[in-house]
Amino acid sequence: MLQTPADSTLCAALFAPDSPTVEALEAQYPPRELPEGAAVTRFAPSPTGFLHFGGLFGAFADRLTASGSGGVFILRIEDTDKKREVEDGVSGIVEGLRFFCIKIDEGVVGFEQERGAYGPYTQSRRRLIYHAVAKRLVEQGLAYPCFCTEEELDELRARQETAGVNKGYYGKWTRCRDLPLEEQLRRVRAGEAYTLRLRSQGDGSQRITVPDLIRGKLELPENNMDVVLLKADGIPTYHFAHVVDDHFMRVTHVIRSDEWLANLPLHIALFRACGFKPPKYAHTAPVMKEENGGKRKLSKRRDPEAAVSYFAAQGYPPYCVQEYLLTLLNSGFEDWRRANPRAMLEDYPFQLKKLSPSGALFDLPKLEDVCKNVLALYSAEEVYALGLAWAKEHDAELAALLERDPDYAKALLSIDRGGAKPRKDLARMSQLREYVSYFYDALYQPGFTLPEHIAAEDAARILAAYARVYSPADDKETWFAKIKALCAPLGFSPDVKEFKRNPGQWKGHVGDVTTVLRLAVTARRNTPDLWAIMRALGEERLCARLQNALALFAESHIY
RNA sequence: GGCCCGUUGGUCAAGUGGCCUAAGACUCCGGCCUCUCACGCCGGCAACACGAGUUCGAAUCUCGUACGGGUCACCA
């Protein structure tokens with residue numbers, strides 16, 4: 001365990017002579033000059049090519065934690081698993097973050113592009129750094145080469161299984177922990193494959209307490225496993241890379257999914273072995289999905305909504321997904337939002353300790369609600385921009401229509417928008433086509449069926465009568481006054497309350513009259529303000545629609 | 001199976017020993033709102049997993065049980 005000259009002989013056999021010393025690395029990556037309390041966070045995905053919903057949440061928590069404290073948010077790529085490699089796994093992640101408005105301060109910012117003084121930020125390019133630390137561990141007797149093959153390890157596990165003990169490479173179950181130096185040297189020099197293992201100093205029957213920013217004090221068994229630090233190809237395992245990278249990148253807060261909780265004692269032990277100060281940890285609960293009455297983790301493979309590209313394709317406003325995430329996972333956010341309906345998300349005093357320790361179900365209706373609320377506050381201009389950007393990607397026909405006459409598009413989008421009680425009926429851009437369809441002849445599908453209590457001949461009379469009094473110049477009051485004036489002669493009550501008092505005396509009420517007009521103009525029973533719609537459509541289009549409807553009656557299609 | 005984490009209405013949650021005959025939001029259902037729908041407003045349904053213990057007093061602390069999740073790799 002103590003440093004001996006023999007260990008340095010071993011080091012020479014194990015490591016290339018050019019690896020830097022740990023001291024040199026300390027100098028190269030000095031502590032950051034940041035204000036007191038500034039958090040340095042990092043999102044460290046594997047380059048799988050796309051961003052998972054859980055990953056987005058983690059990155060978002062990292063971003064907010066850094067921003068809120070005047071710190072730094074790093075994107076690091078953990079490409080230490082050759083088997084999972086995909087061609088350009090980075091761009092999808094970087095673009096995903098960009099799409100969701102999560103700014104990267106430092107690290108990987110694009111395909112083969114990095115920024116910052118603590119790099120490289122791609123683990124495959126940090127080999128020398130890992131080896132420097134590993135070398136010192138060997139010098140100190142805290143790591144050793146292990147020559148066990150995968151078959152031997154499988155067999156070991158099988159024996160442990162039948163013996164009913166904890167599986168793993170530890171204590172008396174190890175075969176290479178106490179190999180004599182001569183044998184180590186001989187086998188290494190003979191070119192035998194080996195991994196580098198931690199020589200654990202821990203006692204599995206002891207407990208350690210570790211603070212977690214979300215869960216409070218955690219009581220966990222001390223690590224006693226001689227885990228692999230460097231794989232046979234010299235690439236570090238996640239555990240070792242985590243410790244080395246987060247130390248030399250001077251990361252202060254490690255926010256990660258709670259599947260790492262079981263490895264926390266290991267990581268603490270590794271930081272100790274390396275002589276580094278551990279960061280603060282926050283283990284977040286995964287987002288769950290309901291299935292057959294049970295809960296399960298949202299899965300990338302089985303759930304389309306788990307890939308964040310789903311939200312882009314559906315046209316949810318990017319920023320709303322974050323808003324939803326906060327609603328879902330950060331208690332207190334909704335109260336803050338109610339108090340500050342128009343405040344920027346960045347100004348929310350995000351606190352890790354307010355995150356829920358248990359997994360929340362992904363709730364689509366809630367997402368829709370959040371989006372409706374946010375979108376309701378957008379100007380027509382903003383909705384237009386958002387809609388056009390979406391349509392260009394996903395609906396070329398709609399994009400062309402929106403672009404052909406921007407003023408017209410904005411005019412129709414501004415109906416019932418703004419004011420104290422804005423409409424809340426648009427949640428995502430994939431609804432836009434349907435939302436605007438009756439404003440565009442190219443999308444409009446004429447034809448309708450009347451409500452049962454309105455006779456076709458009455459409907460025809462209503463349309464004819466309205467056509468006679470219509471004037472494009474009417475303001476809303478005049479428009480409505482004219483409609484009311486039409487009612488009584490046709491047997492409809494101009495007053496809804498009067499109708500309700502004496503339903504037998506009328507064929508219907510003014511609402512039925514406007515329903516007929518609405519159907520003729522939009523082919524729908526439910527729309528925003530009819531007067532505003534008529535005005536936006538313009539005289540020519542409106543008259544055509546009325547003529548058309550009248551013609552339908554004349555041809556007896558409705559009778 | 002060992003170890004770890006978790007458990008308040010259908011969902012998300014507030015709640016850190018008395019202010020809890022348990023807040024709010026989503027969903028659903030009623031009602032109101034001089035044109036429909038939406039919005040808004042008013043109201044309704046609906047929860048502390050279970051059992052012991054500590055205490056004058058427990059959603060809140062302790063222990064046990066159940067259930068859910070995670071983890072036990074040269075994957076992350």
# chains A, B, ... in the order shown; residues from 1 in each chain; ligands from 1
>>> closest_atom_pairs(of="chain B", to="chain A", cutoff="12 Å", atoms="only C-alpha atoms (C1' of nucleotides)", output="Markdown table")
| residue | atom | partner | partner_atom | distance |
| --- | --- | --- | --- | --- |
| B:G1 | C1' | A:Gly164 | CA | 8.3 |
| B:G2 | C1' | A:Asn166 | CA | 6.4 |
| B:C3 | C1' | A:Pro221 | CA | 7.9 |
| B:C4 | C1' | A:Ala262 | CA | 6.2 |
| B:C5 | C1' | A:Leu261 | CA | 8.1 |
| B:G6 | C1' | A:Ser358 | CA | 5.6 |
| B:U7 | C1' | A:Ser358 | CA | 8.5 |
| B:G10 | C1' | A:Gly293 | CA | 10.5 |
| B:U11 | C1' | A:Asp363 | CA | 6.8 |
| B:C12 | C1' | A:Leu328 | CA | 5.7 |
| B:A13 | C1' | A:Ser331 | CA | 6.5 |
| B:A14 | C1' | A:Ser331 | CA | 8.0 |
| B:G15 | C1' | A:Ser331 | CA | 11.5 |
| B:A23 | C1' | A:Asp335 | CA | 11.0 |
| B:G24 | C1' | A:Asp335 | CA | 7.9 |
| B:A25 | C1' | A:Glu334 | CA | 7.4 |
| B:C26 | C1' | A:Lys366 | CA | 5.3 |
| B:U27 | C1' | A:Pro365 | CA | 7.6 |
| B:U34 | C1' | A:Asp495 | CA | 7.2 |
| B:C35 | C1' | A:Gly511 | CA | 4.7 |
| B:U36 | C1' | A:Asn526 | CA | 5.3 |
| B:C37 | C1' | A:Asn526 | CA | 4.2 |
| B:A38 | C1' | A:Arg423 | CA | 5.7 |
| B:C39 | C1' | A:Lys421 | CA | 5.3 |
| B:G40 | C1' | A:Lys421 | CA | 6.8 |
| B:C41 | C1' | A:Lys421 | CA | 11.8 |
| B:C67 | C1' | A:Gly294 | CA | 10.9 |
| B:G68 | C1' | A:Lys295 | CA | 7.5 |
| B:G69 | C1' | A:Arg296 | CA | 7.7 |
| B:G70 | C1' | A:Glu259 | CA | 5.5 |
| B:U71 | C1' | A:Ala262 | CA | 5.6 |
| B:C72 | C1' | A:Lys167 | CA | 6.9 |
| B:A73 | C1' | A:Gly168 | CA | 9.5 |
| B:C74 | C1' | A:Lys231 | CA | 4.6 |
| B:C75 | C1' | A:Asp81 | CA | 6.9 |
| B:A76 | C1' | A:Tyr238 | CA | 6.4 |
>>> select_by_dssp(residues="range 118-294 of chain A", states="strand (DSSP E)", output="PyMOL selection string")
chain A and resi 143-146+195-198+207-212+216-221+228-230+253-257+280-284+288-291+294
>>> residues_around(residues="G9 in chain B", least_positions_apart="2", cutoff="10 Å", atoms="only C-alpha atoms (C1' of nucleotides)", output="JSON, numbers by chain")
{"B": [11, 45, 46, 47, 48]}
>>> write_last_selection(atoms="N, CA and C atoms (P, O5', C5', C4', C3', O3' and C1' of nucleotides)", output="PDB file, in the first residue's frame")
ATOM      1  P     U B  11     -52.423   8.997  -9.322  1.00  0.00           P
ATOM      2  O5'   U B  11     -52.049  10.136 -10.369  1.00  0.00           O
ATOM      3  C5'   U B  11     -51.471   9.815 -11.618  1.00  0.00           C
ATOM      4  C4'   U B  11     -51.041  11.073 -12.313  1.00  0.00           C
ATOM      5  C3'   U B  11     -50.126  11.961 -11.484  1.00  0.00           C
ATOM      6  O3'   U B  11     -48.779  11.534 -11.556  1.00  0.00           O
ATOM      7  C1'   U B  11     -51.852  13.274 -12.378  1.00  0.00           C
ATOM      8  P     C B  45     -67.150  17.934  -2.865  1.00  0.00           P
ATOM      9  O5'   C B  45     -66.784  16.702  -3.808  1.00  0.00           O
ATOM     10  C5'   C B  45     -67.803  15.797  -4.220  1.00  0.00           C
ATOM     11  C4'   C B  45     -67.233  14.833  -5.228  1.00  0.00           C
ATOM     12  C3'   C B  45     -65.941  14.161  -4.797  1.00  0.00           C
ATOM     13  O3'   C B  45     -66.230  13.033  -3.990  1.00  0.00           O
ATOM     14  C1'   C B  45     -65.766  14.900  -7.042  1.00  0.00           C
ATOM     15  P     A B  46     -65.708  13.001  -2.521  1.00  0.00           P
ATOM     16  O5'   A B  46     -64.190  12.601  -2.763  1.00  0.00           O
ATOM     17  C5'   A B  46     -63.872  11.424  -3.498  1.00  0.00           C
ATOM     18  C4'   A B  46     -62.491  11.576  -4.051  1.00  0.00           C
ATOM     19  C3'   A B  46     -61.446  12.017  -3.016  1.00  0.00           C
ATOM     20  O3'   A B  46     -61.012  10.929  -2.235  1.00  0.00           O
ATOM     21  C1'   A B  46     -61.190  13.246  -5.024  1.00  0.00           C
ATOM     22  P     A B  47     -60.581  11.186  -0.761  1.00  0.00           P
ATOM     23  O5'   A B  47     -59.011  11.195  -0.878  1.00  0.00           O
ATOM     24  C5'   A B  47     -58.321   9.994  -1.244  1.00  0.00           C
ATOM     25  C4'   A B  47     -56.866  10.218  -1.071  1.00  0.00           C
ATOM     26  C3'   A B  47     -56.405  10.398   0.376  1.00  0.00           C
ATOM     27  O3'   A B  47     -56.198   9.139   0.993  1.00  0.00           O
ATOM     28  C1'   A B  47     -55.467  12.089  -0.961  1.00  0.00           C
ATOM     29  P     C B  48     -56.206   9.024   2.562  1.00  0.00           P
ATOM     30  O5'   C B  48     -54.966   9.876   3.055  1.00  0.00           O
ATOM     31  C5'   C B  48     -53.816   9.208   3.581  1.00  0.00           C
ATOM     32  C4'   C B  48     -52.598   9.855   3.018  1.00  0.00           C
ATOM     33  C3'   C B  48     -51.296   9.406   3.655  1.00  0.00           C
ATOM     34  O3'   C B  48     -50.352   9.221   2.611  1.00  0.00           O
ATOM     35  C1'   C B  48     -51.576  11.752   3.932  1.00  0.00           C
TER      36        C B  48
END
>>> residues_around(residues="Glu87 in chain A", least_positions_apart="2", cutoff="12 Å", atoms="only C-alpha atoms (C1' of nucleotides)", output="ChimeraX atom specification")
/A:47-50,79,82-85,89-92,111-112
>>> atom_distance(atom1="CA of Thr522 in chain A", atom2="CA of Leu386 in chain A")
24.3 Å
>>> atom_distance(atom1="CA of Ala313 in chain A", atom2="CA of Leu56 in chain A")
16.0 Å
>>> residues_around(residues="U62 in chain B", least_positions_apart="6", cutoff="12 Å", atoms="only C-alpha atoms (C1' of nucleotides)", output="mmCIF file with N, CA and C atoms (P, O5', C5', C4', C3', O3' and C1' of nucleotides), in the first residue's frame")
data_model
loop_
_atom_site.group_PDB
_atom_site.id
_atom_site.type_symbol
_atom_site.label_atom_id
_atom_site.label_comp_id
_atom_site.auth_asym_id
_atom_site.auth_seq_id
_atom_site.Cartn_x
_atom_site.Cartn_y
_atom_site.Cartn_z
ATOM 1 P P A B 52 -52.262 -0.257 14.771
ATOM 2 O "O5'" A B 52 -51.021 -0.970 15.470
ATOM 3 C "C5'" A B 52 -50.488 -0.416 16.637
ATOM 4 C "C4'" A B 52 -49.062 -0.861 16.805
ATOM 5 C "C3'" A B 52 -48.267 0.091 17.667
ATOM 6 O "O3'" A B 52 -48.477 -0.173 19.038
ATOM 7 C "C1'" A B 52 -47.078 -0.316 15.684
ATOM 8 P P G B 53 -48.939 1.048 19.922
ATOM 9 O "O5'" G B 53 -47.571 1.837 20.100
ATOM 10 C "C5'" G B 53 -46.459 1.150 20.662
ATOM 11 C "C4'" G B 53 -45.187 1.866 20.325
ATOM 12 C "C3'" G B 53 -45.065 3.279 20.875
ATOM 13 O "O3'" G B 53 -44.732 3.269 22.245
ATOM 14 C "C1'" G B 53 -44.285 3.212 18.653
ATOM 15 P P U B 54 -45.167 4.436 23.168
ATOM 16 O "O5'" U B 54 -44.235 5.619 22.674
ATOM 17 C "C5'" U B 54 -42.832 5.575 22.908
ATOM 18 C "C4'" U B 54 -42.192 6.844 22.409
ATOM 19 C "C3'" U B 54 -42.875 8.122 22.902
ATOM 20 O "O3'" U B 54 -42.432 8.467 24.206
ATOM 21 C "C1'" U B 54 -42.479 8.271 20.570
ATOM 22 P P U B 55 -43.474 8.848 25.292
ATOM 23 O "O5'" U B 55 -44.069 10.216 24.748
ATOM 24 C "C5'" U B 55 -43.237 11.364 24.636
ATOM 25 C "C4'" U B 55 -43.986 12.450 23.914
ATOM 26 C "C3'" U B 55 -45.373 12.758 24.472
ATOM 27 O "O3'" U B 55 -45.310 13.595 25.614
ATOM 28 C "C1'" U B 55 -45.460 12.618 22.105
#
>>> residues_around(residues="Phe99 in chain A", least_positions_apart="5", cutoff="9 Å", atoms="only C-alpha atoms (C1' of nucleotides)", output="ChimeraX atom specification")
/A:94,312,318-319
>>> write_last_selection(atoms="N, CA and C atoms", output="mmCIF file, in the first residue's frame")
data_model
loop_
_atom_site.group_PDB
_atom_site.id
_atom_site.type_symbol
_atom_site.label_atom_id
_atom_site.label_comp_id
_atom_site.auth_asym_id
_atom_site.auth_seq_id
_atom_site.Cartn_x
_atom_site.Cartn_y
_atom_site.Cartn_z
ATOM 1 N N VAL A 94 -26.086 18.800 -29.386
ATOM 2 C CA VAL A 94 -25.857 20.247 -29.363
ATOM 3 C C VAL A 94 -27.053 20.993 -29.952
ATOM 4 N N ALA A 312 -40.139 18.958 -30.938
ATOM 5 C CA ALA A 312 -39.874 19.843 -32.060
ATOM 6 C C ALA A 312 -40.833 19.519 -33.198
ATOM 7 N N PRO A 318 -40.461 25.699 -27.895
ATOM 8 C CA PRO A 318 -39.311 25.120 -27.192
ATOM 9 C C PRO A 318 -39.272 25.505 -25.719
ATOM 10 N N TYR A 319 -39.521 26.763 -25.524
ATOM 11 C CA TYR A 319 -39.412 27.297 -24.191
ATOM 12 C C TYR A 319 -40.478 26.699 -23.260
#
>>> residues_around(residues="G31 in chain B", least_positions_apart="2", cutoff="12 Å", atoms="only C-alpha atoms (C1' of nucleotides)", output="JSON list (two decimals) with C-alpha atoms (C1' of nucleotides), in the first residue's frame")
[["chain", "number", "residue", "atom", "x", "y", "z"],
["B", 29, "C", "C1'", -68.45, 17.31, -13.74],
["B", 33, "C", "C1'", -70.68, 35.29, -18.25],
["B", 41, "C", "C1'", -65.43, 33.58, -12.50],
["B", 42, "C", "C1'", -68.19, 30.42, -8.85],
["B", 43, "G", "C1'", -68.90, 25.49, -7.17],
["B", 44, "G", "C1'", -68.20, 19.98, -7.05]]
>>> select_by_dssp(residues="range 5-242 of chain A", states="helix (DSSP H, G or I)", output="PyMOL selection string")
chain A and resi 5-14+22-28+53-69+82-84+91-99+123-125+127-139+150-163+171-173+181-189+238-242
>>> write_last_selection(atoms="C-alpha atoms", output="PDB file, in the first residue's frame")
ATOM      1  CA  PRO A   5      10.520   1.712  -5.664  1.00  0.00           C
ATOM      2  CA  ALA A   6       9.027  -1.459  -7.042  1.00  0.00           C
ATOM      3  CA  ASP A   7       5.801   0.365  -7.823  1.00  0.00           C
ATOM      4  CA  SER A   8       7.617   2.842 -10.000  1.00  0.00           C
ATOM      5  CA  THR A   9       9.079  -0.035 -11.970  1.00  0.00           C
ATOM      6  CA  LEU A  10       5.572  -1.254 -12.493  1.00  0.00           C
ATOM      7  CA  CYS A  11       4.493   2.216 -13.603  1.00  0.00           C
ATOM      8  CA  ALA A  12       7.195   2.294 -16.183  1.00  0.00           C
ATOM      9  CA  ALA A  13       5.920  -0.968 -17.588  1.00  0.00           C
ATOM     10  CA  LEU A  14       2.297   0.143 -17.477  1.00  0.00           C
ATOM     11  CA  VAL A  22      -0.701  15.174 -11.730  1.00  0.00           C
ATOM     12  CA  GLU A  23       1.024  18.308 -10.450  1.00  0.00           C
ATOM     13  CA  ALA A  24       1.446  19.594 -13.981  1.00  0.00           C
ATOM     14  CA  LEU A  25      -2.245  19.002 -14.603  1.00  0.00           C
ATOM     15  CA  GLU A  26      -3.167  20.859 -11.440  1.00  0.00           C
ATOM     16  CA  ALA A  27      -1.213  23.811 -12.786  1.00  0.00           C
ATOM     17  CA  GLN A  28      -2.679  23.515 -16.238  1.00  0.00           C
ATOM     18  CA  PHE A  53     -36.120  13.826 -22.375  1.00  0.00           C
ATOM     19  CA  GLY A  54     -34.386  12.968 -19.103  1.00  0.00           C
ATOM     20  CA  GLY A  55     -31.150  14.331 -20.471  1.00  0.00           C
ATOM     21  CA  LEU A  56     -32.849  17.551 -21.415  1.00  0.00           C
ATOM     22  CA  PHE A  57     -34.120  17.893 -17.906  1.00  0.00           C
ATOM     23  CA  GLY A  58     -30.677  17.286 -16.446  1.00  0.00           C
ATOM     24  CA  ALA A  59     -29.081  19.778 -18.799  1.00  0.00           C
ATOM     25  CA  PHE A  60     -31.748  22.280 -17.924  1.00  0.00           C
ATOM     26  CA  ALA A  61     -31.101  21.835 -14.209  1.00  0.00           C
ATOM     27  CA  ASP A  62     -27.386  22.270 -14.885  1.00  0.00           C
ATOM     28  CA  ARG A  63     -28.008  25.400 -16.892  1.00  0.00           C
ATOM     29  CA  LEU A  64     -30.224  26.999 -14.275  1.00  0.00           C
ATOM     30  CA  THR A  65     -27.929  26.084 -11.421  1.00  0.00           C
ATOM     31  CA  ALA A  66     -24.997  27.663 -13.215  1.00  0.00           C
ATOM     32  CA  SER A  67     -26.891  30.747 -14.359  1.00  0.00           C
ATOM     33  CA  GLY A  68     -28.461  31.363 -10.991  1.00  0.00           C
ATOM     34  CA  SER A  69     -25.081  31.527  -9.285  1.00  0.00           C
ATOM     35  CA  LYS A  82     -16.479   2.084 -28.374  1.00  0.00           C
ATOM     36  CA  LYS A  83     -19.264  -0.426 -28.814  1.00  0.00           C
ATOM     37  CA  ARG A  84     -21.931   2.247 -28.808  1.00  0.00           C
ATOM     38  CA  SER A  91     -24.560  17.405 -33.381  1.00  0.00           C
ATOM     39  CA  GLY A  92     -27.935  16.014 -32.429  1.00  0.00           C
ATOM     40  CA  ILE A  93     -27.265  16.783 -28.792  1.00  0.00           C
ATOM     41  CA  VAL A  94     -25.857  20.247 -29.363  1.00  0.00           C
ATOM     42  CA  GLU A  95     -28.710  21.127 -31.692  1.00  0.00           C
ATOM     43  CA  GLY A  96     -31.212  19.717 -29.241  1.00  0.00           C
ATOM     44  CA  LEU A  97     -29.867  21.953 -26.524  1.00  0.00           C
ATOM     45  CA  ARG A  98     -29.885  24.920 -28.837  1.00  0.00           C
ATOM     46  CA  PHE A  99     -33.438  24.229 -29.918  1.00  0.00           C
ATOM     47  CA  GLN A 123     -13.244  11.952 -23.183  1.00  0.00           C
ATOM     48  CA  SER A 124     -11.604  10.055 -26.000  1.00  0.00           C
ATOM     49  CA  ARG A 125      -9.170  12.947 -26.252  1.00  0.00           C
ATOM     50  CA  ARG A 127      -6.390   9.710 -22.472  1.00  0.00           C
ATOM     51  CA  LEU A 128      -3.163  11.229 -21.216  1.00  0.00           C
ATOM     52  CA  ILE A 129      -4.935  12.958 -18.372  1.00  0.00           C
ATOM     53  CA  TYR A 130      -6.542   9.743 -17.149  1.00  0.00           C
ATOM     54  CA  HIS A 131      -3.279   7.924 -17.439  1.00  0.00           C
ATOM     55  CA  ALA A 132      -1.468  10.559 -15.419  1.00  0.00           C
ATOM     56  CA  VAL A 133      -3.860  10.062 -12.532  1.00  0.00           C
ATOM     57  CA  ALA A 134      -3.865   6.296 -12.941  1.00  0.00           C
ATOM     58  CA  LYS A 135      -0.099   6.259 -12.880  1.00  0.00           C
ATOM     59  CA  ARG A 136       0.018   8.079  -9.616  1.00  0.00           C
ATOM     60  CA  LEU A 137      -2.535   5.695  -8.173  1.00  0.00           C
ATOM     61  CA  VAL A 138      -0.275   2.795  -9.095  1.00  0.00           C
ATOM     62  CA  GLU A 139       2.707   4.573  -7.579  1.00  0.00           C
ATOM     63  CA  GLU A 150     -14.140 -11.817 -19.040  1.00  0.00           C
ATOM     64  CA  GLU A 151     -14.763 -15.574 -18.857  1.00  0.00           C
ATOM     65  CA  GLU A 152     -12.976 -15.762 -15.545  1.00  0.00           C
ATOM     66  CA  LEU A 153     -15.034 -12.881 -14.215  1.00  0.00           C
ATOM     67  CA  ASP A 154     -18.253 -14.511 -15.404  1.00  0.00           C
ATOM     68  CA  GLU A 155     -17.213 -17.647 -13.637  1.00  0.00           C
ATOM     69  CA  LEU A 156     -16.410 -15.670 -10.502  1.00  0.00           C
ATOM     70  CA  ARG A 157     -19.869 -14.156 -10.508  1.00  0.00           C
ATOM     71  CA  ALA A 158     -21.418 -17.551 -10.956  1.00  0.00           C
ATOM     72  CA  ARG A 159     -19.549 -18.877  -7.944  1.00  0.00           C
ATOM     73  CA  GLN A 160     -20.587 -15.885  -5.886  1.00  0.00           C
ATOM     74  CA  GLU A 161     -24.147 -16.447  -6.980  1.00  0.00           C
ATOM     75  CA  THR A 162     -24.171 -20.008  -5.676  1.00  0.00           C
ATOM     76  CA  ALA A 163     -22.331 -18.950  -2.540  1.00  0.00           C
ATOM     77  CA  GLY A 171     -11.666  -8.886  -0.894  1.00  0.00           C
ATOM     78  CA  LYS A 172     -10.861 -12.552  -0.955  1.00  0.00           C
ATOM     79  CA  TRP A 173     -12.571 -13.028  -4.316  1.00  0.00           C
ATOM     80  CA  LEU A 181       5.503  -7.636  -8.464  1.00  0.00           C
ATOM     81  CA  GLU A 182       7.622 -10.015 -10.509  1.00  0.00           C
ATOM     82  CA  GLU A 183       4.565 -11.731 -11.881  1.00  0.00           C
ATOM     83  CA  GLN A 184       2.853  -8.413 -12.669  1.00  0.00           C
ATOM     84  CA  LEU A 185       5.921  -7.235 -14.542  1.00  0.00           C
ATOM     85  CA  ARG A 186       6.388 -10.500 -16.351  1.00  0.00           C
ATOM     86  CA  ARG A 187       2.803 -10.653 -17.581  1.00  0.00           C
ATOM     87  CA  VAL A 188       2.639  -7.022 -18.591  1.00  0.00           C
ATOM     88  CA  ARG A 189       5.922  -7.290 -20.469  1.00  0.00           C
ATOM     89  CA  TYR A 238     -17.273   6.093 -16.476  1.00  0.00           C
ATOM     90  CA  HIS A 239     -16.385   6.112 -12.803  1.00  0.00           C
ATOM     91  CA  PHE A 240     -12.773   7.020 -13.280  1.00  0.00           C
ATOM     92  CA  ALA A 241     -13.474   9.529 -16.029  1.00  0.00           C
ATOM     93  CA  HIS A 242     -16.121  11.189 -13.865  1.00  0.00           C
TER      94      HIS A 242
END
>>> atom_distance(atom1="CA of Leu355 in chain A", atom2="CA of Ala339 in chain A")
19.8 Å
